[in-house]
Amino acid sequence: MDFNALFSDFGGYTITGLTVGAIYALVALGYTLVYGVLRLINFAHSEVFIAGAFAAIWGWAALGLDGNSVASGFGSIMLYLLVGALIAAVASAGTATVIERVAYRPLRKRNAPPLAFLITAIGASIAIAEAFGIYTRRRPVGAPTLVKNDVLFTVFGAEVTVVQLLILGSALAMMVALDLFINRSRTGRGIRAVAQDANTAALMGINKDRIILVVFVIGGVMAGVAGMLYDIRIGTLTYSVGFLLGLKAFTAAVLGGIGNLRGALVGGLLLGLVENYASALFGSNWKDLAAFVVLVVLLMFRPTGLLGESLGRARA
Amino acid sequence: MTSVREWIDSGRHAVAERWHNAPRWMRWAVIAAVIVFFYALPNREFYQWLGPIPTTGSNFGQVLFTVSIYVLLAVGLNIVVGFAGLLDLGYFGFFAVGAYTVAVLTSPSSDLKTLWPWLLALPVALVLTMVSGVMLGTPTLRLRGDYLAIVTLGFAEMIRVAATASDFLKGQRGFNQIPHPPGSYSDGKPIFGVLDPRPYYWLVLTLIILVVIGVRNLNRSRVGRAWISIREDEDAAQLMGVPTFKFKLWAFASGAFIGGLAGALFAGKQNFVSSQNLELLNSIIILAAVILGGSGNIVGAIVGGGLVAYLIERFRGIEFFGVELYEYRFMFFGLVLVVMMIFRPQGLIPNRRRAAEFKDRRKEVIVGG
Amino acid sequence: MGETVQKPTVPEQAGAPAVESTAGDREPLLEVDHVTLRFGGVVALNDVDFTLYKGEILGLIGPNGAGKTTCFNAMTGIYQPSEGEIRFRGERITGKKKHHITKMGMARTFQNIRLFPEMTALENIQVGADAHHKTSVISALFRLPRHRREERDGIEKAERLLDFVGISGRMHDAARNLSYGEQRRLEIARALATDPVLLCLDEPAAGFNPAEKEELLQLIRKIRDQGITVLLIEHDMRLVMGVTDRIVVLEFGKKIAEGLPAEVREDHRVIAAYLGVPDDDVA
């Protein structure tokens, strides 16, 4: 264990961890929302994320920015970012909707057992990832450099770059907006009602299919934005990265308490931190292991996650 | 569409009906014929008459070996998922434990330098996989089903990461010169060599038969009833006196044992084990094979495992309008899963009522006891 | 050889006649000792206290939501009491594993039938009979003598019990294909297969017509005549009055009356709480 590495740049590892964690958190929201409403692990959500990440890159390419381009000028950068986020959000929400319609709804109509849903989800996930893999010839695709990775300011000895600030800022803004939407709006009330008791909600005149669609769309938008932020942070994208990222985002959702929106945020950030501290201590090869060790230990002592399962009923 | 399905269904029912009404000797004859067929299959003299069945892109004996390993894994996972109803998404992890144990104990590239023969390492590998199953199961089997799924997936991933990252497990460089299983022909040449994959296939096939007999015995006993009662209604099972945790742990350990066996066989055949053998997708493929074949049914698991592994290999070397079909194999696989769950969620050979078998079984028991 | 084969006791063993138990030796079998059970802020059981004596049929009644099934669940180990304790055969069962409580001799049925739907009737009962079997994975794997012996005993016992509850014709049918009444009977048979000293029936007559109820009454008496103590949760007053030796009445999680059926019927609190309520089942 290398404590020197960790403590010499503790602030830096913390900021990086939070940045990675923010992306996990955005993706985790999709898992948590769908799970809250349908009690379903939407295994294909990782491909919803990948769809957004590719869409943003291809959108920028259509605007003339390929993997080697460097954008300049504050106004045009903001514009590119917004357009990228929009395209990614639409692509991801669209993918999520298609998955819901084609894969899940027919099963729901027939009241299929949970295992059937999971297998369908796995099938959809593999098919979509492979389609991207075949289309990109299984090679990484480069994203343009929209935001220069300059150090913006220093907190407690930790340098914060523009990219990190952008990711943390936009992720937090999205979460606050979602939180307000779920807690204040009429549709948000509907979502909470269906999550608590779908049958009663249906009796109260709430259209369950519509609520489910909304949930998939919201999850898709969040995952799409996460995909674009991922492009900006990493700079390249391979079709297969969704699987592991999705797995970790799901872990984050479980960590925070699945079905609980704020839990997804806490879980995501925590997972990002744990991973980065672990990579400082044990070497970056081991960082993937840390996430699962934390998960197993947590589930042993607190099976409902850190904040409990609140979107749906807390199960006895 | 529907009428075609009904037609297929009625055909299947008719076959099932005939099977169960057939006299005992006839059923044994059919089973014997099937077994002989599969022993004969890797011989060129035999398979050249089978039209499109032999693979074109790769050595058919080698393909059959791969397929047989998948069948073994499907039979093992079927205990966990099909009988006990425990969703294990990381089953391939046990395969890895088996293969790596053999590698570490036998390979000259291992730090241990024990250089054991394969046959000596095998029981150690089996015990270690069972222990790893119990170690994974003890904290997790109390959890709810969906959490179990994610934790098992995490387990397989942990093993992959450990294999990639640790110096002891050699990462991508892996272990080479793992010894083959023992045995030699009368002229002194080893049975299990480098060139001919057939003896390995026959070995795995024989072990599959033994494992299936064992699993069938378990399934038709207090143990099997406990597993199925847990799958059907865990609380009720417990209130009827079933020690559910204990039997869930047994399901995990039995499944792990078979997974470890498959891993050890693979290591003995391949000579070489590295972290590149540990694709996460493998766990998913085996699970999908079990569900596809018909979860909870041993024959279904065999058919599912065999079919999935065979079709994936069958795509190799086929060009279709200038496109290599092998490239598309997993995409098709994913789509088949979706379509299958929509149109036939119970699998190809579903967990049929065992009523008809029961009469024989009673006789058996009474005569035997 | 040396081992003693656990003889299935249920249908053969003629137990103590009912008269004896109600009159003379009042040996406590199950003591619910000032049990309180809270879920969050809700008090589901409030200081419930009663004793069940060996050989009797005790009715546990009360309006819907009175806490009858909750009380059942506390007894069978599903819920842990917040205060007080439950003793079975003199042993404290609070905190014991559910399957262990079953092995101690307490068996139950469920208000909403919970059979193993994909298993046959025979197999369902075998699961119950397995409670006292010791076949290990190894002996099942190699079909060792113990496995064969227990398997044979289990099947014989299951056949007897199917006959006892009157559904022997459905032995090889999947539980889910049985009629509602047959499923109720199968549940009782499955519970009896665990060789209970105490059988807890949770609204066994729900959804029955009068003729079926009459048959059920006879079945319950037959079970008691085997020496098995019966705890009966029931909604149907006539059924309860007709078969029970004593009655405990719950309302809002509290015990409001206890006594002989005739006494309980006259109790003004019971009339107010229960009989006063217009109820189809009462009529």
# chains A, B, ... in the order shown; residues from 1 in each chain; ligands from 1
>>> closest_atom_pairs(of="chain B", to="chain A", cutoff="7 Å", atoms="only C-alpha atoms", output="JSON lines")
{"residue": "B:Pro139", "atom": "CA", "partner": "A:Met300", "partner_atom": "CA", "distance": 6.2}
{"residue": "B:Val151", "atom": "CA", "partner": "A:Val296", "partner_atom": "CA", "distance": 6.6}
{"residue": "B:Gly154", "atom": "CA", "partner": "A:Phe292", "partner_atom": "CA", "distance": 5.7}
{"residue": "B:Met158", "atom": "CA", "partner": "A:Leu289", "partner_atom": "CA", "distance": 5.4}
{"residue": "B:Val161", "atom": "CA", "partner": "A:Leu289", "partner_atom": "CA", "distance": 6.4}
{"residue": "B:Ala165", "atom": "CA", "partner": "A:Asn285", "partner_atom": "CA", "distance": 5.4}
{"residue": "B:Ala288", "atom": "CA", "partner": "A:Ile119", "partner_atom": "CA", "distance": 6.8}
{"residue": "B:Phe330", "atom": "CA", "partner": "A:Glu130", "partner_atom": "CA", "distance": 6.5}
{"residue": "B:Met331", "atom": "CA", "partner": "A:Ala127", "partner_atom": "CA", "distance": 4.2}
{"residue": "B:Phe332", "atom": "CA", "partner": "A:Ala127", "partner_atom": "CA", "distance": 6.8}
{"residue": "B:Gly334", "atom": "CA", "partner": "A:Gly123", "partner_atom": "CA", "distance": 3.8}
{"residue": "B:Leu335", "atom": "CA", "partner": "A:Ala127", "partner_atom": "CA", "distance": 5.8}
{"residue": "B:Leu337", "atom": "CA", "partner": "A:Gly123", "partner_atom": "CA", "distance": 5.0}
{"residue": "B:Val338", "atom": "CA", "partner": "A:Thr120", "partner_atom": "CA", "distance": 4.6}
{"residue": "B:Met341", "atom": "CA", "partner": "A:Ala116", "partner_atom": "CA", "distance": 5.9}
{"residue": "B:Ile342", "atom": "CA", "partner": "A:Leu107", "partner_atom": "CA", "distance": 6.2}
{"residue": "B:Pro345", "atom": "CA", "partner": "A:Ala116", "partner_atom": "CA", "distance": 6.2}
>>> select_by_dssp(residues="region 142-195 of chain B", states="alpha helix (DSSP H)", output="number ranges by chain")
B: 145-165
>>> atom_distance(atom1="CA of Ile302 (chain B)", atom2="CA of Val75 (chain B)")
6.2 Å
>>> atom_distance(atom1="CA of Ser229 (chain B)", atom2="CA of Leu72 (chain B)")
24.5 Å
>>> closest_residue(among="A:Met204, A:Ala177, A:Val294, A:Val241", to="Ser46 (chain A)", atoms="only C-alpha atoms")
A:Val241
>>> decode(residues="region 146-281 of chain A", atoms="C-alpha atoms", output="short mmCIF file (atom, residue, chain, number, x, y, z; two decimals), in the first residue's frame")
data_model
loop_
_atom_site.label_atom_id
_atom_site.label_comp_id
_atom_site.auth_asym_id
_atom_site.auth_seq_id
_atom_site.Cartn_x
_atom_site.Cartn_y
_atom_site.Cartn_z
CA LEU A 146 -13.92 21.10 -26.71
CA VAL A 147 -12.70 22.16 -23.31
CA LYS A 148 -9.00 22.59 -22.64
CA ASN A 149 -7.98 20.76 -19.51
CA ASP A 150 -6.48 23.88 -17.87
CA VAL A 151 -6.24 24.31 -14.15
CA LEU A 152 -8.90 26.75 -13.13
CA PHE A 153 -8.23 27.24 -9.44
CA THR A 154 -6.79 25.42 -6.43
CA VAL A 155 -8.69 24.31 -3.33
CA PHE A 156 -6.81 22.90 -0.34
CA GLY A 157 -3.84 22.23 -2.58
CA ALA A 158 -5.92 20.40 -5.16
CA GLU A 159 -5.98 21.67 -8.68
CA VAL A 160 -9.42 21.85 -10.22
CA THR A 161 -9.53 21.78 -14.00
CA VAL A 162 -12.15 23.26 -16.28
CA VAL A 163 -13.30 19.82 -17.34
CA GLN A 164 -13.77 18.68 -13.76
CA LEU A 165 -15.72 21.77 -12.86
CA LEU A 166 -17.87 21.38 -15.94
CA ILE A 167 -18.68 17.75 -15.15
CA LEU A 168 -19.37 18.33 -11.47
CA GLY A 169 -21.40 21.46 -12.18
CA SER A 170 -23.59 20.01 -14.89
CA ALA A 171 -24.13 16.75 -13.02
CA LEU A 172 -25.22 18.58 -9.88
CA ALA A 173 -27.48 20.89 -11.88
CA MET A 174 -29.16 17.91 -13.53
CA MET A 175 -29.72 16.21 -10.19
CA VAL A 176 -31.21 19.26 -8.56
CA ALA A 177 -33.53 19.69 -11.52
CA LEU A 178 -34.56 16.02 -11.33
CA ASP A 179 -35.11 16.20 -7.61
CA LEU A 180 -37.37 19.22 -8.03
CA PHE A 181 -39.21 17.53 -10.87
CA ILE A 182 -39.89 14.35 -8.91
CA ASN A 183 -40.90 16.16 -5.74
CA ARG A 184 -42.78 19.14 -7.09
CA SER A 185 -44.35 18.39 -10.46
CA ARG A 186 -47.58 16.55 -11.16
CA THR A 187 -45.80 13.91 -13.22
CA GLY A 188 -43.25 13.52 -10.44
CA ARG A 189 -46.08 12.83 -8.02
CA GLY A 190 -47.38 10.23 -10.44
CA ILE A 191 -43.98 8.55 -10.55
CA ARG A 192 -43.81 8.40 -6.79
CA ALA A 193 -47.35 7.05 -6.63
CA VAL A 194 -46.62 4.26 -9.11
CA ALA A 195 -43.39 3.44 -7.29
CA GLN A 196 -45.25 3.07 -4.01
CA ASP A 197 -48.18 1.06 -5.21
CA ALA A 198 -48.74 0.60 -8.91
CA ASN A 199 -52.21 -0.89 -8.58
CA THR A 200 -53.61 1.79 -6.33
CA ALA A 201 -52.03 4.44 -8.53
CA ALA A 202 -53.79 2.91 -11.52
CA LEU A 203 -57.09 3.04 -9.62
CA MET A 204 -56.47 6.71 -8.95
CA GLY A 205 -56.38 7.32 -12.67
CA ILE A 206 -52.63 7.43 -13.19
CA ASN A 207 -51.60 6.01 -16.54
CA LYS A 208 -48.96 3.50 -15.58
CA ASP A 209 -47.59 2.97 -19.09
CA ARG A 210 -47.11 6.70 -19.50
CA ILE A 211 -45.32 6.98 -16.16
CA ILE A 212 -43.04 4.10 -17.10
CA LEU A 213 -42.23 5.76 -20.40
CA VAL A 214 -41.46 9.03 -18.63
CA VAL A 215 -39.16 7.21 -16.24
CA PHE A 216 -37.25 5.61 -19.09
CA VAL A 217 -36.98 8.97 -20.88
CA ILE A 218 -35.69 10.75 -17.77
CA GLY A 219 -33.19 7.97 -17.14
CA GLY A 220 -32.17 8.23 -20.78
CA VAL A 221 -31.63 12.00 -20.65
CA MET A 222 -29.45 11.65 -17.57
CA ALA A 223 -27.44 8.82 -19.14
CA GLY A 224 -27.08 10.77 -22.39
CA VAL A 225 -25.63 13.81 -20.64
CA ALA A 226 -23.38 11.44 -18.68
CA GLY A 227 -22.25 10.00 -22.01
CA MET A 228 -21.30 13.40 -23.35
CA LEU A 229 -19.45 14.28 -20.14
CA TYR A 230 -17.62 10.96 -20.42
CA ASP A 231 -16.51 11.87 -23.97
CA ILE A 232 -15.15 15.17 -22.74
CA ARG A 233 -13.35 13.64 -19.80
CA ILE A 234 -11.77 10.67 -21.55
CA GLY A 235 -11.47 11.96 -25.11
CA THR A 236 -12.11 8.61 -26.79
CA LEU A 237 -14.93 6.10 -26.73
CA THR A 238 -14.95 2.32 -27.28
CA TYR A 239 -18.20 0.42 -27.75
CA SER A 240 -17.49 -1.95 -24.87
CA VAL A 241 -16.93 0.54 -22.03
CA GLY A 242 -20.64 0.67 -21.22
CA PHE A 243 -20.71 -2.71 -19.56
CA LEU A 244 -18.30 -1.98 -16.75
CA LEU A 245 -19.48 1.59 -16.33
CA GLY A 246 -23.07 0.42 -16.17
CA LEU A 247 -22.15 -2.21 -13.62
CA LYS A 248 -20.47 0.39 -11.45
CA ALA A 249 -23.36 2.80 -11.81
CA PHE A 250 -25.70 0.06 -10.70
CA THR A 251 -23.38 -0.64 -7.79
CA ALA A 252 -23.59 3.05 -6.95
CA ALA A 253 -27.37 2.89 -7.02
CA VAL A 254 -27.36 -0.11 -4.68
CA LEU A 255 -24.80 1.58 -2.43
CA GLY A 256 -27.01 4.60 -1.94
CA GLY A 257 -30.14 2.49 -1.64
CA ILE A 258 -31.76 1.49 -4.89
CA GLY A 259 -34.92 3.37 -5.72
CA ASN A 260 -33.65 6.39 -3.83
CA LEU A 261 -32.68 9.35 -6.04
CA ARG A 262 -30.47 11.11 -3.54
CA GLY A 263 -28.99 7.71 -2.73
CA ALA A 264 -27.85 7.44 -6.35
CA LEU A 265 -25.98 10.74 -5.99
CA VAL A 266 -24.37 9.76 -2.70
CA GLY A 267 -23.59 6.28 -3.96
CA GLY A 268 -22.08 7.54 -7.19
CA LEU A 269 -19.83 10.11 -5.55
CA LEU A 270 -18.79 7.65 -2.86
CA LEU A 271 -17.94 5.00 -5.42
CA GLY A 272 -15.87 7.47 -7.43
CA LEU A 273 -13.95 8.44 -4.30
CA VAL A 274 -13.37 4.87 -3.13
CA GLU A 275 -12.13 3.90 -6.56
CA ASN A 276 -9.67 6.75 -6.80
CA TYR A 277 -8.34 6.37 -3.30
CA ALA A 278 -7.95 2.64 -3.94
CA SER A 279 -6.08 3.25 -7.16
CA ALA A 280 -3.72 5.56 -5.27
CA LEU A 281 -3.18 2.98 -2.54
#
